[in-house]
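Coordinates as given in structure27.txt (compact mmCIF, C-alpha atoms):
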# COMPACT_ATOMS: atom_id res chain seq x y z
CA LEU A 1 -20.68 13.24 -34.72
CA ALA A 2 -22.34 14.07 -38.03
CA PRO A 3 -22.21 17.88 -37.52
CA ALA A 4 -18.46 17.55 -36.97
CA GLY A 5 -18.10 15.68 -40.25
CA LEU A 6 -16.63 12.60 -38.56
CA THR A 7 -17.59 8.98 -38.22
CA PHE A 8 -16.91 7.11 -34.99
CA ALA A 9 -14.11 5.19 -36.69
CA GLU A 10 -12.51 8.45 -37.81
CA LEU A 11 -12.78 9.90 -34.31
CA ARG A 12 -11.07 6.83 -32.90
CA GLU A 13 -8.29 7.37 -35.40
CA VAL A 14 -7.65 11.04 -34.55
CA GLY A 15 -8.36 10.63 -30.83
CA TRP A 16 -9.88 14.06 -30.23
CA LEU A 17 -11.71 16.87 -31.97
CA PRO A 18 -10.22 20.34 -31.42
CA ALA A 19 -12.68 23.15 -30.81
CA ALA A 20 -12.37 26.45 -32.62
CA LYS A 21 -10.35 28.99 -30.64
CA VAL A 22 -12.17 32.27 -30.20
CA TYR A 23 -10.27 35.23 -28.76
CA ARG A 24 -11.52 38.61 -27.45
CA ARG A 25 -15.08 37.27 -27.28
CA HIS A 26 -15.93 39.96 -24.71
CA GLU A 27 -15.68 42.65 -27.40
CA GLU A 28 -18.92 41.36 -28.92
CA ALA A 29 -20.90 39.89 -26.04
CA GLY A 30 -19.27 41.41 -22.97
CA PHE A 31 -18.13 39.38 -19.97
CA ALA A 32 -20.21 36.66 -18.32
CA THR A 33 -21.27 38.92 -15.45
CA PRO A 34 -24.64 40.60 -14.73
CA SER A 35 -23.27 43.93 -15.98
CA GLY A 36 -21.35 42.45 -18.90
CA LYS A 37 -18.27 44.23 -17.56
CA VAL A 38 -15.28 43.18 -15.48
CA GLU A 39 -16.59 43.15 -11.89
CA LEU A 40 -13.86 43.46 -9.28
CA SER A 41 -16.54 43.22 -6.60
CA SER A 42 -19.41 40.78 -7.04
CA GLY A 43 -22.69 42.68 -7.11
CA ARG A 44 -24.61 39.40 -7.09
CA LEU A 45 -22.96 38.24 -3.85
CA SER A 46 -23.68 41.64 -2.30
CA GLU A 47 -27.36 41.30 -3.29
CA TRP A 48 -27.46 37.97 -1.47
CA GLY A 49 -26.04 39.53 1.69
CA PHE A 50 -22.44 38.35 1.37
CA ASP A 51 -19.17 40.22 0.95
CA GLY A 52 -18.63 41.29 -2.64
CA LEU A 53 -14.88 40.81 -2.21
CA PRO A 54 -13.06 37.80 -0.76
CA ALA A 55 -11.76 38.30 2.77
CA CYS A 56 -9.50 36.39 5.11
CA ARG A 57 -11.37 34.94 8.08
CA GLU A 58 -10.06 33.47 11.28
CA PRO A 59 -10.42 29.69 11.62
CA ALA A 60 -13.91 28.55 12.51
CA ARG A 61 -13.27 27.91 16.21
CA ALA A 62 -11.81 31.38 16.74
CA ALA A 63 -14.38 33.97 17.78
CA ALA A 64 -14.48 37.31 15.98
CA GLY A 65 -11.41 39.37 16.77
CA GLU A 66 -9.48 36.51 18.38
CA PRO A 67 -6.04 35.49 17.08
CA VAL A 68 -5.52 32.47 14.85
CA GLU A 69 -4.30 30.40 17.80
CA ALA A 70 -7.83 30.46 19.27
CA ALA A 71 -8.81 27.75 16.76
CA ALA A 72 -6.30 25.49 18.49
CA ASP A 73 -6.11 24.61 22.18
CA GLU A 74 -3.93 22.76 24.68
CA GLU A 75 -4.95 19.32 23.42
CA PHE A 76 -4.68 20.23 19.72
CA PRO A 77 -2.17 23.12 19.63
CA LEU A 78 -1.40 23.20 15.90
CA LEU A 79 -3.48 24.27 12.91
CA LEU A 80 -4.05 21.75 10.12
CA THR A 81 -4.37 22.71 6.48
CA SER A 82 -3.64 20.84 3.24
CA TRP A 83 -1.65 20.91 0.01
CA LYS A 84 -1.95 18.99 -3.25
CA PRO A 85 1.11 17.38 -4.85
CA GLN A 86 1.51 18.09 -8.55
CA GLU A 87 1.66 14.39 -9.45
CA TYR A 88 -1.99 13.73 -8.62
CA TYR A 89 -5.40 15.21 -9.33
CA HIS A 90 -7.36 15.03 -6.07
CA SER A 91 -7.67 11.31 -5.21
CA SER A 92 -6.90 9.96 -8.68
CA GLY A 93 -3.67 8.44 -9.95
CA ARG A 94 -2.41 6.46 -6.96
CA HIS A 95 -2.70 3.28 -9.05
CA ILE A 96 -0.45 4.60 -11.83
CA PRO A 97 3.11 3.23 -11.36
CA LEU A 98 4.85 6.23 -12.93
CA LEU A 99 3.10 8.68 -10.58
CA ARG A 100 3.56 6.51 -7.49
CA ALA A 101 7.26 6.21 -8.27
CA ALA A 102 7.50 10.00 -8.38
CA HIS A 103 5.42 10.52 -5.22
CA PRO A 104 5.08 7.18 -3.39
CA ARG A 105 3.58 8.24 -0.06
CA PRO A 106 1.63 11.09 1.55
CA LEU A 107 3.76 13.85 3.02
CA ALA A 108 2.92 16.21 5.88
CA VAL A 109 4.95 19.42 6.03
CA LEU A 110 6.11 20.78 9.40
CA HIS A 111 8.45 23.55 10.48
CA PRO A 112 11.78 22.13 11.76
CA ASP A 113 11.22 23.66 15.21
CA THR A 114 7.76 22.10 15.48
CA ALA A 115 9.18 18.75 14.43
CA ALA A 116 12.12 18.96 16.84
CA ALA A 117 9.82 19.72 19.77
CA ALA A 118 7.91 16.51 19.02
CA GLY A 119 11.04 14.42 18.38
CA ILE A 120 10.20 14.16 14.68
CA GLY A 121 12.81 14.03 11.91
CA GLU A 122 12.72 14.17 8.14
CA GLY A 123 11.05 11.06 6.74
CA ASP A 124 9.56 9.89 10.04
CA PRO A 125 6.05 8.44 10.01
CA ILE A 126 3.81 10.70 12.10
CA VAL A 127 0.30 10.49 13.47
CA ILE A 128 -1.82 13.60 12.91
CA ALA A 129 -4.85 13.73 15.21
CA THR A 130 -7.86 16.06 15.50
CA ARG A 131 -11.11 15.90 17.46
CA HIS A 132 -12.52 13.71 14.68
CA GLY A 133 -9.85 11.07 14.16
CA GLN A 134 -6.25 10.37 13.28
CA MET A 135 -4.15 9.30 10.31
CA THR A 136 -0.52 8.57 9.47
CA GLN A 137 1.63 10.42 6.94
CA THR A 138 5.37 10.96 6.43
CA ALA A 139 7.01 14.08 7.84
CA THR A 140 8.90 16.46 5.61
CA LEU A 141 10.41 19.63 7.07
CA SER A 142 10.37 23.17 5.69
CA GLY A 143 11.33 26.49 7.21
CA ALA A 144 8.76 28.14 4.93
CA VAL A 145 5.90 26.75 7.05
CA ASP A 146 4.58 28.66 10.07
CA PRO A 147 5.63 26.76 13.24
CA ARG A 148 1.97 26.69 14.32
CA VAL A 149 0.85 24.91 11.14
CA VAL A 150 0.82 21.34 9.77
CA ILE A 151 0.18 20.91 6.04
CA ALA A 152 -1.05 17.42 5.14
CA GLU A 153 -1.93 15.78 1.82
CA PRO A 154 -5.56 14.95 0.97
CA GLY A 155 -6.94 12.21 -1.26
CA TRP A 156 -4.78 9.23 -0.30
CA TRP A 157 -5.61 5.57 -0.73
CA PHE A 158 -3.42 2.55 -1.47
CA PRO A 159 -4.62 0.36 -4.37
CA GLU A 160 -2.02 -2.26 -3.50
CA GLN A 161 -3.89 -3.04 -0.25
CA GLY A 162 -6.93 -4.32 -2.14
CA PRO A 163 -10.70 -4.10 -1.53
CA GLU A 164 -10.59 -6.31 1.56
CA ARG A 165 -8.82 -3.47 3.40
CA LEU A 166 -10.80 -0.76 1.60
CA TYR A 167 -7.57 0.17 -0.18
CA GLY A 168 -6.18 1.49 3.10
CA TRP A 169 -7.98 4.81 2.75
CA LEU A 170 -8.51 5.17 6.50
CA GLU A 171 -4.75 5.10 7.14
CA ALA A 172 -3.73 8.38 5.55
CA ASN A 173 -6.79 10.14 4.16
CA LEU A 174 -7.39 13.70 5.34
CA ASN A 175 -11.16 13.13 5.40
CA VAL A 176 -10.90 11.20 8.67
CA LEU A 177 -9.68 14.40 10.36
CA THR A 178 -12.56 16.66 9.36
CA GLY A 179 -16.16 16.83 10.57
CA SER A 180 -19.53 17.86 9.20
CA GLU A 181 -20.78 19.94 12.10
CA ARG A 182 -21.34 23.70 12.18
CA PRO A 183 -20.14 26.34 11.58
CA TYR A 184 -20.41 26.11 7.79
CA CYS A 185 -19.07 28.43 5.11
CA ARG A 186 -21.59 31.27 4.77
CA GLU A 187 -21.43 31.43 0.99
CA MET A 188 -21.30 27.74 0.03
CA GLY A 189 -22.46 25.81 3.10
CA ALA A 190 -19.19 23.82 3.12
CA THR A 191 -17.77 22.32 6.30
CA THR A 192 -14.47 23.44 7.84
CA LEU A 193 -11.66 21.86 5.84
CA ARG A 194 -8.73 24.06 6.91
CA GLY A 195 -7.59 25.77 10.08
CA ILE A 196 -8.47 22.74 12.23
CA GLY A 197 -6.83 22.19 15.62
CA CYS A 198 -4.49 19.18 15.54
CA ARG A 199 -1.50 17.53 17.20
CA VAL A 200 1.37 15.45 15.81
CA VAL A 201 3.46 12.65 17.32
CA ARG A 202 5.89 10.13 15.90
CA ALA A 203 4.00 7.07 14.74
CA ASP A 204 6.50 4.82 16.49
CA GLY A 205 6.92 7.09 19.51
Translate this file's structure into structure tokens.
Amino acid sequence: LAPAGLTFAELREVGWLPAAKVYRRHEEAGFATPSGKVELSSGRLSEWGFDGLPACREPARAAAGEPVEAAADEEFPLLLTSWKPQEYYHSSGRHIPLLRAAHPRPLAVLHPDTAAAAGIGEGDPIVIATRHGQMTQTATLSGAVDPRVVIAEPGWWFPEQGPERLYGWLEANLNVLTGSERPYCREMGATTLRGIGCRVVRADG
């Protein structure tokens, strides 16, 4: 802390040390790209054999040129993706009373027609299943969602259930629905986390 001119006691008193704000840094050093310029297409990715621009790809189980539905099938007719509620940062914060009061349980968003076909209503507990496992979340309905899609929340665990039950993470955590098998993301080597075939039923149905 000496270069900052603070002792530890002084830092505890102020709580944080603001950094100097520097604007228009690119005018002196350029941008943090190989060319030093704004690169709308990544030359480095192109050198490595990847697309220089981001592109939309069909879900992993759909072959090239097939429609999105090809990632689903008769057993798992819907496509699963995810959304993050604004109250939490990834899996953190479920133990904070103020945040849990604002967002007490994991919500899965379905189109009203999709829900009606499965006998699901607003606020019903539902089981979401894939080839890898199943979990339970609470249904919420929205006409803004494609009828072929289910949008579930990731990162859930329940601190109130305690360590004996592993904080209930297997009950509603999106990780139980995903696998680690190929195909992987070409650029990052990540597994398929979205566009996964799934089905939904009422948890008490």
Identify, on the basis of all atoms listed in the file, every residue whose closest approach to segment 173-176 of chain A does not exceed 12 Å; exclude the query and any residue fewer than 4 positions from it along the same chain; express the result as a PyMOL selection string.
chain A and resi 80-84+90-91+105-108+127-137+151-158+166-169+180+191-194+196+198
* Can you pull out every residue within 8 Å of segment 40-53 of chain A, counting all atoms listed in the file, but drop anything in the same chain fewer than 2 positions away, and send it as number ranges by chain? => A: 34, 38, 55, 186-187
Coordinates of box centre and edge lengths for segment 5-10 of chain A, 3 Å on every side, axis-aligned, as AutoDock Vina command-line options:
--center_x -15.3 --center_y 10.4 --center_z -37.6 --size_x 11.6 --size_y 16.5 --size_z 11.3
(Q) With distances taken over only C-alpha atoms, which residue among A:Pro54, A:Ala116, A:Ser35, A:Pro85 lies nearest Ala102 of chain A? (A)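 Closest to Ala102 of chain A of all the choices is A:Pro85.
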| message | Taking 6 positions as the minimum chain separation for residues in the same chain, which residues sit within 8 Å of Arg148 of chain A when counting all atoms listed in the file? Answer as a VMD selection string. | response | chain A and resid 77 to 79 114
Selected residues written out with C-alpha atoms, as a PDB file, in the coordinates of the input:
ATOM      1  CA  PRO A  77      -2.170  23.120  19.630  1.00  0.00           C
ATOM      2  CA  LEU A  78      -1.400  23.200  15.900  1.00  0.00           C
ATOM      3  CA  LEU A  79      -3.480  24.270  12.910  1.00  0.00           C
ATOM      4  CA  THR A 114       7.760  22.100  15.480  1.00  0.00           C
TER       5      THR A 114
END
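Note that atom CA of Ile126 of chain A and atom CA of Val150 of chain A are 11.3 Å apart.
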One decimal, in Å: what's the spacing between atom CA of Ala115 of chain A and atom CA of His103 of chain A?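 Rounded to one decimal, the two atoms are 21.6 Å apart.
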Tell me which of A:Pro159, A:Gly121, A:Glu74, A:Ser142 sits closest to Pro97 of chain A, counting only C-alpha atoms.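 Looking at the shortest contact to Pro97 of chain A, the residue is A:Pro159.
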- Who sits within 12 Å of Pro112 of chain A, only C-alpha atoms, same chain under 3 positions skipped, as a VMD selection string: chain A and resid 109 115 to 122 139 to 150
Discussion item. I'd like the interatomic distance between atom CA of Asp124 of chain A and atom CA of Val201 of chain A, to a tenth of an Å.
Written reply: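 According to the coordinates, atom CA of Asp124 of chain A and atom CA of Val201 of chain A are separated by 9.9 Å.
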